[in-house]
>>> print(open('model-v4.pdb').read())   # PDB, C-alpha atoms
MODEL        1
ATOM      1  CA  MET A   1      81.282  81.858  77.508
ATOM      2  CA  ILE A   2      80.664  78.178  78.182
ATOM      3  CA  THR A   3      81.192  76.102  75.042
ATOM      4  CA  LYS A   4      80.057  72.609  74.114
ATOM      5  CA  LEU A   5      83.711  71.552  74.344
ATOM      6  CA  ASN A   6      83.764  72.772  77.956
ATOM      7  CA  ILE A   7      80.614  70.797  78.762
ATOM      8  CA  ASP A   8      81.883  67.653  77.033
ATOM      9  CA  ALA A   9      85.172  67.836  78.955
ATOM     10  CA  LEU A  10      83.454  68.314  82.315
ATOM     11  CA  VAL A  11      81.097  65.420  81.642
ATOM     12  CA  ALA A  12      83.919  63.133  80.476
ATOM     13  CA  SER A  13      86.020  63.933  83.541
ATOM     14  CA  LYS A  14      83.276  63.228  86.063
ATOM     15  CA  PHE A  15      82.000  60.152  84.244
ATOM     16  CA  GLY A  16      85.491  58.687  84.003
ATOM     17  CA  LEU A  17      86.069  59.218  87.702
ATOM     18  CA  TYR A  18      82.759  57.745  88.814
ATOM     19  CA  LYS A  19      82.664  54.706  86.544
ATOM     20  CA  SER A  20      86.077  53.656  87.899
ATOM     21  CA  ASN A  21      84.920  53.873  91.531
ATOM     22  CA  GLU A  22      83.904  50.605  93.202
ATOM     23  CA  HIS A  23      80.714  52.099  94.646
ATOM     24  CA  PHE A  24      79.320  52.657  91.160
ATOM     25  CA  LYS A  25      80.481  49.484  89.410
ATOM     26  CA  HIS A  26      76.954  48.014  89.337
ATOM     27  CA  PHE A  27      75.323  51.162  87.958
ATOM     28  CA  ASN A  28      73.954  51.429  84.429
ATOM     29  CA  LEU A  29      76.752  53.412  82.779
ATOM     30  CA  THR A  30      74.523  54.802  80.034
ATOM     31  CA  GLN A  31      72.107  56.185  82.618
ATOM     32  CA  MET A  32      74.963  57.505  84.726
ATOM     33  CA  HIS A  33      76.521  59.333  81.788
ATOM     34  CA  SER A  34      73.161  60.861  80.859
ATOM     35  CA  THR A  35      72.543  62.011  84.443
ATOM     36  CA  ILE A  36      75.984  63.597  84.703
ATOM     37  CA  ARG A  37      75.459  65.448  81.419
ATOM     38  CA  ASP A  38      72.051  66.690  82.605
ATOM     39  CA  GLU A  39      73.662  67.932  85.829
ATOM     40  CA  ILE A  40      76.461  69.823  84.055
ATOM     41  CA  GLU A  41      74.129  71.309  81.448
ATOM     42  CA  SER A  42      71.736  72.431  84.192
ATOM     43  CA  LEU A  43      74.577  74.227  85.962
ATOM     44  CA  CYS A  44      75.639  75.849  82.708
ATOM     45  CA  ASP A  45      72.099  77.189  82.317
ATOM     46  CA  LEU A  46      72.935  79.478  85.244
ATOM     47  CA  ALA A  47      75.067  81.451  82.792
ATOM     48  CA  ASP A  48      71.940  82.533  80.891
ATOM     49  CA  GLN A  49      71.437  86.287  81.186
ATOM     50  CA  ARG A  50      67.755  85.924  82.048
ATOM     51  CA  VAL A  51      68.597  83.579  84.915
ATOM     52  CA  CYS A  52      71.302  85.945  86.147
ATOM     53  CA  ILE A  53      68.828  88.839  86.208
ATOM     54  CA  LYS A  54      66.329  86.772  88.195
ATOM     55  CA  ARG A  55      68.973  85.694  90.713
ATOM     56  CA  CYS A  56      70.241  89.256  91.088
ATOM     57  CA  ASN A  57      66.721  90.528  91.783
ATOM     58  CA  HIS A  58      65.962  87.651  94.138
ATOM     59  CA  PHE A  59      69.057  87.918  96.336
ATOM     60  CA  ASN A  60      69.084  91.723  96.113
ATOM     61  CA  ILE A  61      72.652  92.103  97.384
ATOM     62  CA  LYS A  62      73.844  95.697  97.401
ATOM     63  CA  GLY A  63      76.358  96.492  94.677
ATOM     64  CA  THR A  64      75.833  93.305  92.646
ATOM     65  CA  ARG A  65      74.926  93.141  88.972
ATOM     66  CA  PRO A  66      73.343  90.248  87.034
ATOM     67  CA  ASP A  67      76.697  89.267  85.507
ATOM     68  CA  ASP A  68      78.119  88.661  89.006
ATOM     69  CA  TYR A  69      75.793  85.657  89.308
ATOM     70  CA  ARG A  70      76.952  84.119  86.029
ATOM     71  CA  GLU A  71      78.179  80.524  86.086
ATOM     72  CA  ARG A  72      81.568  80.655  84.400
ATOM     73  CA  ILE A  73      84.527  78.703  83.121
ATOM     74  CA  ILE A  74      87.834  79.600  84.773
ATOM     75  CA  TYR A  75      91.149  78.306  83.429
ATOM     76  CA  LEU A  76      94.085  77.154  85.536
ATOM     77  CA  ASP A  77      96.170  76.736  82.407
ATOM     78  CA  GLU A  78      95.624  75.948  78.739
ATOM     79  CA  ASP A  79      94.152  72.488  79.430
ATOM     80  CA  LEU A  80      92.814  72.582  82.989
ATOM     81  CA  PHE A  81      89.669  74.518  83.857
ATOM     82  CA  PHE A  82      86.663  74.410  86.146
ATOM     83  CA  LEU A  83      83.044  75.528  86.197
ATOM     84  CA  ALA A  84      82.305  77.926  89.064
ATOM     85  CA  GLY A  85      79.259  79.729  90.402
ATOM     86  CA  ILE A  86      78.197  81.590  93.524
ATOM     87  CA  ARG A  87      75.956  79.811  96.040
ATOM     88  CA  PHE A  88      74.459  80.649  99.426
ATOM     89  CA  GLN A  89      73.682  78.614 102.515
ATOM     90  CA  GLY A  90      69.917  78.645 102.370
ATOM     91  CA  PRO A  91      68.447  82.149 102.467
ATOM     92  CA  ASP A  92      71.452  83.695 104.248
ATOM     93  CA  VAL A  93      73.264  85.761 101.600
ATOM     94  CA  THR A  94      76.047  86.578 104.070
ATOM     95  CA  LYS A  95      77.113  82.923 103.964
ATOM     96  CA  SER A  96      78.332  82.576 100.416
ATOM     97  CA  PHE A  97      80.532  79.947  98.814
ATOM     98  CA  VAL A  98      81.543  78.937  95.297
ATOM     99  CA  SER A  99      80.536  75.634  93.736
ATOM    100  CA  VAL A 100      83.320  74.104  91.634
ATOM    101  CA  HIS A 101      83.267  71.317  89.013
ATOM    102  CA  ALA A 102      86.608  70.603  87.347
ATOM    103  CA  ASN A 103      87.750  68.884  84.160
ATOM    104  CA  PHE A 104      90.607  67.283  86.109
ATOM    105  CA  SER A 105      90.358  64.287  88.386
ATOM    106  CA  GLU A 106      92.462  65.304  91.368
ATOM    107  CA  PHE A 107      92.902  68.433  93.495
ATOM    108  CA  THR A 108      96.495  69.018  94.594
ATOM    109  CA  GLU A 109      97.651  71.622  97.101
ATOM    110  CA  THR A 110      99.154  73.733  94.321
ATOM    111  CA  GLN A 111      95.913  73.664  92.332
ATOM    112  CA  ILE A 112      93.823  74.486  95.395
ATOM    113  CA  PHE A 113      95.942  77.541  96.114
ATOM    114  CA  LYS A 114      95.603  78.775  92.537
ATOM    115  CA  ILE A 115      91.851  78.058  92.446
ATOM    116  CA  ALA A 116      91.366  79.981  95.679
ATOM    117  CA  GLU A 117      93.199  83.032  94.345
ATOM    118  CA  LEU A 118      91.190  83.004  91.129
ATOM    119  CA  LEU A 119      87.865  82.631  92.938
ATOM    120  CA  LYS A 120      88.543  85.419  95.406
ATOM    121  CA  LYS A 121      89.116  87.728  92.462
ATOM    122  CA  GLU A 122      86.245  86.467  90.280
ATOM    123  CA  PHE A 123      83.613  86.587  93.056
ATOM    124  CA  GLU A 124      85.055  89.420  95.137
ATOM    125  CA  ILE A 125      81.712  91.249  95.345
ATOM    126  CA  PHE A 126      80.260  88.345  97.395
ATOM    127  CA  SER A 127      83.264  87.796  99.716
ATOM    128  CA  PRO A 128      82.788  83.996  99.554
ATOM    129  CA  LYS A 129      83.952  82.039 102.586
ATOM    130  CA  SER A 130      84.911  78.854 100.749
ATOM    131  CA  PHE A 131      84.687  76.798  97.599
ATOM    132  CA  ASN A 132      83.067  73.367  97.571
ATOM    133  CA  VAL A 133      83.754  70.288  95.433
ATOM    134  CA  THR A 134      82.222  66.805  95.457
ATOM    135  CA  TYR A 135      84.148  63.648  94.637
ATOM    136  CA  PRO A 136      83.647  59.892  95.052
ATOM    137  CA  GLN A 137      84.814  58.622  98.412
ATOM    138  CA  GLY A 138      88.560  57.965  98.365
ATOM    139  CA  GLN A 139      89.238  59.798  95.114
ATOM    140  CA  GLY A 140      90.017  63.289  93.873
ATOM    141  CA  ILE A 141      91.530  64.978  96.931
ATOM    142  CA  SER A 142      95.255  64.624  97.617
ATOM    143  CA  THR A 143      95.497  67.136 100.455
ATOM    144  CA  HIS A 144      94.288  67.205 104.053
ATOM    145  CA  ASP A 145      93.593  70.938 104.093
ATOM    146  CA  PHE A 146      89.788  70.715 103.955
ATOM    147  CA  GLN A 147      86.599  70.375 105.939
ATOM    148  CA  ILE A 148      83.686  68.129 105.045
ATOM    149  CA  ASP A 149      80.243  69.534 104.398
ATOM    150  CA  ARG A 150      78.263  66.353 103.885
ATOM    151  CA  TYR A 151      78.442  62.697 102.942
ATOM    152  CA  THR A 152      76.336  60.729 100.493
ATOM    153  CA  VAL A 153      75.554  57.326 101.969
ATOM    154  CA  VAL A 154      74.137  54.479  99.910
ATOM    155  CA  GLY A 155      73.107  50.922 100.670
ATOM    156  CA  VAL A 156      71.781  48.055  98.568
ATOM    157  CA  ILE A 157      68.459  47.302 100.221
ATOM    158  CA  LYS A 158      68.779  43.516  99.891
ATOM    159  CA  GLU A 159      72.123  43.684 101.706
ATOM    160  CA  LEU A 160      70.733  45.991 104.411
ATOM    161  CA  VAL A 161      67.918  43.539 105.085
ATOM    162  CA  GLN A 162      70.293  40.563 105.237
ATOM    163  CA  LEU A 163      72.739  42.297 107.595
ATOM    164  CA  GLU A 164      72.564  40.650 111.009
ATOM    165  CA  LEU A 165      72.248  43.014 113.951
ATOM    166  CA  VAL A 166      72.668  42.295 117.630
ATOM    167  CA  PRO A 167      69.233  41.093 118.830
ATOM    168  CA  ILE A 168      67.222  43.442 121.055
ATOM    169  CA  THR A 169      64.266  42.780 123.317
ATOM    170  CA  ASP A 170      62.342  45.822 122.130
ATOM    171  CA  GLU A 171      59.575  45.197 119.616
ATOM    172  CA  LEU A 172      59.788  47.758 116.806
ATOM    173  CA  GLU A 173      57.054  48.093 114.211
ATOM    174  CA  LEU A 174      56.404  50.490 111.318
ATOM    175  CA  ILE A 175      52.778  51.365 110.655
ATOM    176  CA  PRO A 176      51.823  53.149 107.409
ATOM    177  CA  LEU A 177      50.441  56.654 107.943
ATOM    178  CA  THR A 178      47.943  58.453 105.741
ATOM    179  CA  GLU A 179      46.632  61.038 108.206
ATOM    180  CA  MET A 180      48.703  64.034 109.321
ATOM    181  CA  ASN A 181      47.243  64.324 112.834
ATOM    182  CA  PHE A 182      50.681  63.533 114.327
ATOM    183  CA  TYR A 183      52.228  66.740 112.969
ATOM    184  CA  ASP A 184      51.848  68.980 116.046
ATOM    185  CA  GLU A 185      53.491  66.386 118.284
ATOM    186  CA  TYR A 186      56.216  65.957 115.666
ATOM    187  CA  VAL A 187      57.026  69.708 115.763
ATOM    188  CA  LYS A 188      57.094  69.674 119.586
ATOM    189  CA  GLU A 189      59.602  66.813 119.543
ATOM    190  CA  TYR A 190      61.903  68.874 117.348
ATOM    191  CA  ALA A 191      61.721  71.711 119.853
ATOM    192  CA  LEU A 192      62.934  69.271 122.529
ATOM    193  CA  LEU A 193      65.702  68.067 120.224
ATOM    194  CA  TYR A 194      66.941  71.635 119.618
ATOM    195  CA  THR A 195      66.916  72.320 123.358
ATOM    196  CA  LYS A 196      69.306  69.418 123.992
ATOM    197  CA  SER A 197      71.341  69.782 120.772
ATOM    198  CA  PRO A 198      71.120  73.436 119.646
ATOM    199  CA  PHE A 199      73.851  72.957 117.007
ATOM    200  CA  LEU A 200      71.408  70.786 115.041
ATOM    201  CA  ARG A 201      68.977  73.676 114.552
ATOM    202  CA  SER A 202      70.772  74.828 111.390
ATOM    203  CA  GLU A 203      71.306  71.318 110.032
ATOM    204  CA  VAL A 204      68.211  69.294 110.878
ATOM    205  CA  LYS A 205      64.858  70.858 110.064
ATOM    206  CA  THR A 206      61.263  69.844 110.520
ATOM    207  CA  GLU A 207      59.713  68.678 107.286
ATOM    208  CA  SER A 208      56.709  70.565 105.983
ATOM    209  CA  LEU A 209      53.251  69.111 106.239
ATOM    210  CA  GLU A 210      53.163  69.122 102.446
ATOM    211  CA  SER A 211      56.358  67.069 102.048
ATOM    212  CA  LEU A 212      55.225  64.480 104.610
ATOM    213  CA  ASN A 213      51.855  64.290 102.902
ATOM    214  CA  ASP A 214      53.615  63.636  99.584
ATOM    215  CA  SER A 215      55.591  60.885 101.297
ATOM    216  CA  ALA A 216      52.364  59.326 102.536
ATOM    217  CA  LYS A 217      50.900  59.382  99.013
ATOM    218  CA  ASP A 218      53.895  57.345  97.842
ATOM    219  CA  GLY A 219      53.418  54.875 100.698
ATOM    220  CA  LEU A 220      56.666  56.009 102.342
ATOM    221  CA  LEU A 221      55.431  57.527 105.618
ATOM    222  CA  PHE A 222      55.349  55.385 108.765
ATOM    223  CA  LYS A 223      54.617  55.751 112.440
ATOM    224  CA  VAL A 224      57.301  54.142 114.579
ATOM    225  CA  GLN A 225      55.879  51.967 117.316
ATOM    226  CA  ILE A 226      58.144  50.484 119.992
ATOM    227  CA  ASN A 227      56.757  48.050 122.551
ATOM    228  CA  GLY A 228      53.270  49.146 121.569
ATOM    229  CA  LYS A 229      53.927  52.876 122.119
ATOM    230  CA  CYS A 230      54.136  55.642 119.531
ATOM    231  CA  ALA A 231      57.874  56.348 119.330
ATOM    232  CA  GLY A 232      58.412  58.552 116.308
ATOM    233  CA  VAL A 233      58.119  58.823 112.551
ATOM    234  CA  ILE A 234      60.143  57.778 109.521
ATOM    235  CA  ALA A 235      59.485  58.890 105.964
ATOM    236  CA  GLY A 236      61.035  58.515 102.544
ATOM    237  CA  TYR A 237      60.942  60.156  99.153
ATOM    238  CA  ILE A 238      61.866  59.001  95.671
ATOM    239  CA  GLU A 239      64.902  60.623  94.070
ATOM    240  CA  ASP A 240      67.120  59.881  91.098
ATOM    241  CA  TYR A 241      70.637  58.717  91.931
ATOM    242  CA  TYR A 242      72.758  58.697  88.788
ATOM    243  CA  GLY A 243      69.939  57.431  86.628
ATOM    244  CA  GLN A 244      68.243  55.145  89.143
ATOM    245  CA  LYS A 245      64.965  56.109  90.821
ATOM    246  CA  GLU A 246      65.613  55.126  94.423
ATOM    247  CA  VAL A 247      64.383  55.882  97.929
ATOM    248  CA  CYS A 248      65.921  58.387 100.340
ATOM    249  CA  ILE A 249      65.097  58.882 104.001
ATOM    250  CA  LEU A 250      63.246  62.182 104.176
ATOM    251  CA  GLU A 251      62.689  62.116 107.924
ATOM    252  CA  GLU A 252      63.734  59.899 110.811
ATOM    253  CA  LEU A 253      62.780  61.056 114.277
ATOM    254  CA  LEU A 254      62.560  59.087 117.475
ATOM    255  CA  PHE A 255      60.724  60.820 120.282
ATOM    256  CA  GLU A 256      62.696  62.051 123.288
ATOM    257  CA  SER A 257      62.092  59.053 125.549
ATOM    258  CA  PHE A 258      63.359  56.638 122.885
ATOM    259  CA  ARG A 259      66.479  58.522 121.763
ATOM    260  CA  GLY A 260      69.998  57.578 122.843
ATOM    261  CA  LYS A 261      69.253  53.861 123.071
ATOM    262  CA  GLY A 262      70.806  52.754 119.797
ATOM    263  CA  LEU A 263      67.451  52.054 118.198
ATOM    264  CA  GLY A 264      68.168  54.061 115.051
ATOM    265  CA  VAL A 265      69.958  51.140 113.386
ATOM    266  CA  TYR A 266      66.947  48.879 113.936
ATOM    267  CA  LEU A 267      64.579  51.585 112.742
ATOM    268  CA  GLN A 268      66.480  51.965 109.471
ATOM    269  CA  LYS A 269      66.555  48.205 108.957
ATOM    270  CA  ALA A 270      62.795  48.059 109.517
ATOM    271  CA  PHE A 271      62.403  50.790 106.889
ATOM    272  CA  ALA A 272      64.662  48.881 104.483
ATOM    273  CA  ILE A 273      62.491  45.798 104.920
ATOM    274  CA  LYS A 274      59.450  47.854 103.924
ATOM    275  CA  MET A 275      61.331  49.021 100.795
ATOM    276  CA  LEU A 276      62.639  45.575  99.807
ATOM    277  CA  ASP A 277      60.312  44.850  96.904
ATOM    278  CA  ARG A 278      60.080  48.440  95.684
ATOM    279  CA  PHE A 279      63.613  49.817  95.354
ATOM    280  CA  ASN A 280      67.198  48.688  94.906
ATOM    281  CA  LEU A 281      69.012  51.402  96.891
ATOM    282  CA  LEU A 282      68.471  53.372 100.087
ATOM    283  CA  TRP A 283      70.461  56.593  99.912
ATOM    284  CA  GLY A 284      70.711  60.140 101.203
ATOM    285  CA  HIS A 285      72.922  63.004 102.380
ATOM    286  CA  ILE A 286      74.211  63.412 105.950
ATOM    287  CA  SER A 287      75.866  66.561 107.282
ATOM    288  CA  ASP A 288      79.291  66.306 108.890
ATOM    289  CA  LEU A 289      77.700  68.151 111.823
ATOM    290  CA  ASN A 290      75.459  65.155 112.447
ATOM    291  CA  PRO A 291      77.946  62.348 113.255
ATOM    292  CA  SER A 292      75.387  60.239 115.123
ATOM    293  CA  SER A 293      73.272  59.912 111.966
ATOM    294  CA  LEU A 294      76.330  58.971 109.929
ATOM    295  CA  LYS A 295      77.315  56.367 112.515
ATOM    296  CA  THR A 296      73.812  54.883 112.424
ATOM    297  CA  ALA A 297      73.781  54.728 108.616
ATOM    298  CA  LEU A 298      77.160  52.968 108.508
ATOM    299  CA  LYS A 299      76.146  50.486 111.210
ATOM    300  CA  ASN A 300      73.065  49.721 109.150
ATOM    301  CA  GLY A 301      75.216  48.731 106.176
ATOM    302  CA  ARG A 302      75.177  51.847 104.051
ATOM    303  CA  LYS A 303      78.484  53.108 102.682
ATOM    304  CA  ILE A 304      79.892  56.547 101.939
ATOM    305  CA  THR A 305      79.928  56.956  98.151
ATOM    306  CA  GLU A 306      80.583  60.705  97.805
ATOM    307  CA  ILE A 307      81.960  63.510  99.948
ATOM    308  CA  GLU A 308      81.404  67.241  99.538
ATOM    309  CA  TYR A 309      84.596  69.023 100.580
ATOM    310  CA  ILE A 310      84.946  72.607 101.803
ATOM    311  CA  PHE A 311      88.119  74.598 101.152
ATOM    312  CA  SER A 312      88.219  77.788 103.188
ATOM    313  CA  LEU A 313      89.166  80.892 101.223
ATOM    314  CA  ASP A 314      90.266  82.588 104.448
ATOM    315  CA  ASN A 315      93.433  80.487 104.314
ATOM    316  CA  PHE A 316      94.600  82.108 101.094
TER     317      PHE A 316
ENDMDL
END
>>> encode(input="model-v4.pdb", output="C-alpha cells")
Amino acid sequence: MITKLNIDALVASKFGLYKSNEHFKHFNLTQMHSTIRDEIESLCDLADQRVCIKRCNHFNIKGTRPDDYRERIIYLDEDLFFLAGIRFQGPDVTKSFVSVHANFSEFTETQIFKIAELLKKEFEIFSPKSFNVTYPQGQGISTHDFQIDRYTVVGVIKELVQLELVPITDELELIPLTEMNFYDEYVKEYALLYTKSPFLRSEVKTESLESLNDSAKDGLLFKVQINGKCAGVIAGYIEDYYGQKEVCILEELLFESFRGKGLGVYLQKAFAIKMLDRFNLLWGHISDLNPSSLKTALKNGRKITEIEYIFSLDNF
C-alpha cells in the first residue's frame, strides 16, 4: 500500500534535490513543487487495481497477474524506501526494466546492490534487465557502475540567441510550414539515414503526420532552406518542464546532402531566434545512443540538467 506519508516523503526528497541544483535556481519553486507532486501521484495511480487489470490485459504476458503490474513501495530499511514499477521499452515486452524513485538523495554501491536484489525478487515474473533512475546532472549517483539512457538538455533562449558562433558562408533560413506536402520526402530521408546509421532506427523515429500537423498549428513547424534549397525540416512542441510551459524540439532533420557539415548548431540557433519572444526555455531529451545530437545541443548553448541512469540487473 502506498500511503500519503510515502508520497510526501518522495516529493520532499526530489524537491529538495532539485531546488538545490544550479540548473533550477531560476525556476518558480512553487510550480516546481506542484509538478513534482503531480508526477509522484500519477505514478502512484499505477497501483490502482483497475489500472493493473488494464495493463495486464494490454501487455498480455503469459503467467502474469494484475498485481504483478502494481506500482509499489519497497523498503531498504526502516527509513529508506523507493517507489518501483515495471516498464517496457516501447511495445517490446521482452525488454523490461523497473522505474525507481527514492526518498533518499544519493545512490551508493551498497544501496544499488540491495535495490537490485529486491527488484529481481519483486518483479521476477518479468525478468527485468535493469532499473532506471533520474537525477539532476552531477547529483545523486556516487558510483560509476551504470550506463546512461538519456540526457535532458535545457537552454535559456535569450542566451542561445546571444551565443556567438563561428560565422559560415551558408545562408540558412527557416520558413513556416502549414501544408504537409513535404511528408513523403521526409520519410524517404529517414530511410537514407537508417541505411547509413542503422543503430539509430530504434532511437530516432519519423514523426507522424498528425504530430507535425499539430506542430504547424502552434506555429512551430519550419522548412529549412540553405542557400535557397530545401534542406530539411525542424519542428517543436509545447511541453511543461517543472511548471513552465516551454518549447521542445520535436523533429530536426537535415536532408542527406546537407548532413555532416556542422550545420545543426546553426539550425538550432535559427530555431531559437524564432522562439525568442514566445518561450523562455528550449529543452528536450537526447538518447545516449545519439552523441552527435548531444554534441550539437551543447555547442548551441544548452546544458545537461538531468540524466536517466541504467543499472543492469545482470550484474547482481
>>> residues_around(input="model-v4.pdb", residues="A:Lys25", least_positions_apart="6", cutoff="12 Å", atoms="all atoms listed in the file", output="MDAnalysis selection string")
chainID A and resid 15:19 32 305
>>> resolve_selection(input="model-v4.pdb", expression="the PyMOL selection byres ((chain A and resi 260-271) around 8)", output="PyMOL selection string")
chain A and resi 160-161+165+172-174+224+234+254+258-259+272-275+296-297+299-300
>>> resolve_selection(input="model-v4.pdb", expression="the PyMOL selection byres ((chain A and resi 49) around 12)", output="list in words")
Met1, Cys44, Asp45, Leu46, Ala47, Asp48, Arg50, Val51, Cys52, Ile53, Lys54, Arg55, Cys56, Arg65, Pro66, Asp67, Asp68, Tyr69, Arg70 and Glu71 of chain A
>>> atom_distance(input="model-v4.pdb", atom1="atom CA of A:Leu313", atom2="atom CA of A:Arg150")
18.4 Å
>>> atom_distance(input="model-v4.pdb", atom1="atom CA of A:Pro176", atom2="atom CA of A:Leu212")
12.2 Å
>>> residues_near_point(input="model-v4.pdb", point="(61.1, 45.4, 121.7)", cutoff="9 Å", atoms="all atoms listed in the file", output="JSON, numbers by chain")
{"A": [168, 169, 170, 171, 172, 173, 226, 227, 228]}
>>> atom_distance(input="model-v4.pdb", atom1="atom CA of A:Asn315", atom2="atom CA of A:Asn132")
14.3 Å
>>> closest_residue(input="model-v4.pdb", among="A:Leu29, A:Ala191, A:Leu250, A:Leu83", to="A:Ala216", atoms="only C-alpha atoms")
A:Leu250
>>> resolve_selection(input="model-v4.pdb", expression="the PyMOL selection byres ((chain A and resi 6) around 12)", output="PyMOL selection string")
chain A and resi 1-5+7-13+37+40-41+44+72-75+79-83+101-104
>>> residues_near_point(input="model-v4.pdb", point="(86.3, 61.8, 97.0)", cutoff="12 Å", atoms="only C-alpha atoms", output="ChimeraX atom specification")
/A:14,17-18,21,23,105-107,133-144,146,148,150-152,304-310
>>> write_last_selection(input="model-v4.pdb", atoms="C-alpha atoms", output="PDB file, in the coordinates of the input")
ATOM      1  CA  LYS A  14      83.276  63.228  86.063  1.00  0.00           C
ATOM      2  CA  LEU A  17      86.069  59.218  87.702  1.00  0.00           C
ATOM      3  CA  TYR A  18      82.759  57.745  88.814  1.00  0.00           C
ATOM      4  CA  ASN A  21      84.920  53.873  91.531  1.00  0.00           C
ATOM      5  CA  HIS A  23      80.714  52.099  94.646  1.00  0.00           C
ATOM      6  CA  SER A 105      90.358  64.287  88.386  1.00  0.00           C
ATOM      7  CA  GLU A 106      92.462  65.304  91.368  1.00  0.00           C
ATOM      8  CA  PHE A 107      92.902  68.433  93.495  1.00  0.00           C
ATOM      9  CA  VAL A 133      83.754  70.288  95.433  1.00  0.00           C
ATOM     10  CA  THR A 134      82.222  66.805  95.457  1.00  0.00           C
ATOM     11  CA  TYR A 135      84.148  63.648  94.637  1.00  0.00           C
ATOM     12  CA  PRO A 136      83.647  59.892  95.052  1.00  0.00           C
ATOM     13  CA  GLN A 137      84.814  58.622  98.412  1.00  0.00           C
ATOM     14  CA  GLY A 138      88.560  57.965  98.365  1.00  0.00           C
ATOM     15  CA  GLN A 139      89.238  59.798  95.114  1.00  0.00           C
ATOM     16  CA  GLY A 140      90.017  63.289  93.873  1.00  0.00           C
ATOM     17  CA  ILE A 141      91.530  64.978  96.931  1.00  0.00           C
ATOM     18  CA  SER A 142      95.255  64.624  97.617  1.00  0.00           C
ATOM     19  CA  THR A 143      95.497  67.136 100.455  1.00  0.00           C
ATOM     20  CA  HIS A 144      94.288  67.205 104.053  1.00  0.00           C
ATOM     21  CA  PHE A 146      89.788  70.715 103.955  1.00  0.00           C
ATOM     22  CA  ILE A 148      83.686  68.129 105.045  1.00  0.00           C
ATOM     23  CA  ARG A 150      78.263  66.353 103.885  1.00  0.00           C
ATOM     24  CA  TYR A 151      78.442  62.697 102.942  1.00  0.00           C
ATOM     25  CA  THR A 152      76.336  60.729 100.493  1.00  0.00           C
ATOM     26  CA  ILE A 304      79.892  56.547 101.939  1.00  0.00           C
ATOM     27  CA  THR A 305      79.928  56.956  98.151  1.00  0.00           C
ATOM     28  CA  GLU A 306      80.583  60.705  97.805  1.00  0.00           C
ATOM     29  CA  ILE A 307      81.960  63.510  99.948  1.00  0.00           C
ATOM     30  CA  GLU A 308      81.404  67.241  99.538  1.00  0.00           C
ATOM     31  CA  TYR A 309      84.596  69.023 100.580  1.00  0.00           C
ATOM     32  CA  ILE A 310      84.946  72.607 101.803  1.00  0.00           C
TER      33      ILE A 310
END
>>> closest_residue(input="model-v4.pdb", among="A:Cys248, A:Leu281, A:Leu253, A:Ile36", to="A:Lys205", atoms="only C-alpha atoms")
A:Leu253
>>> closest_residue(input="model-v4.pdb", among="A:Ser96, A:Ile157, A:Asp314, A:Phe182", to="A:Arg278", atoms="all atoms listed in the file")
A:Ile157
>>> closest_residue(input="model-v4.pdb", among="A:Phe27, A:Asn290, A:Lys62, A:Thr35", to="A:Leu200", atoms="all atoms listed in the file")
A:Asn290
>>> axis_aligned_box(input="model-v4.pdb", around="stretch 87-94 of chain A", padding_each_side="6 Å", output="AutoDock Vina command-line options")
--center_x 72.2 --center_y 82.6 --center_z 100.1 --size_x 19.6 --size_y 20.0 --size_z 20.2
>>> closest_residue(input="model-v4.pdb", among="A:Phe97, A:Gly243, A:Ala231, A:Lys223", to="A:Phe24", atoms="all atoms listed in the file")
A:Gly243
>>> closest_residue(input="model-v4.pdb", among="A:Leu289, A:Lys129, A:Glu179, A:Glu159", to="A:Lys303", atoms="all atoms listed in the file")
A:Glu159
>>> residues_around(input="model-v4.pdb", residues="A:Phe279", least_positions_apart="3", cutoff="7 Å", atoms="all atoms listed in the file", output="PyMOL selection string")
chain A and resi 246-247+275-276
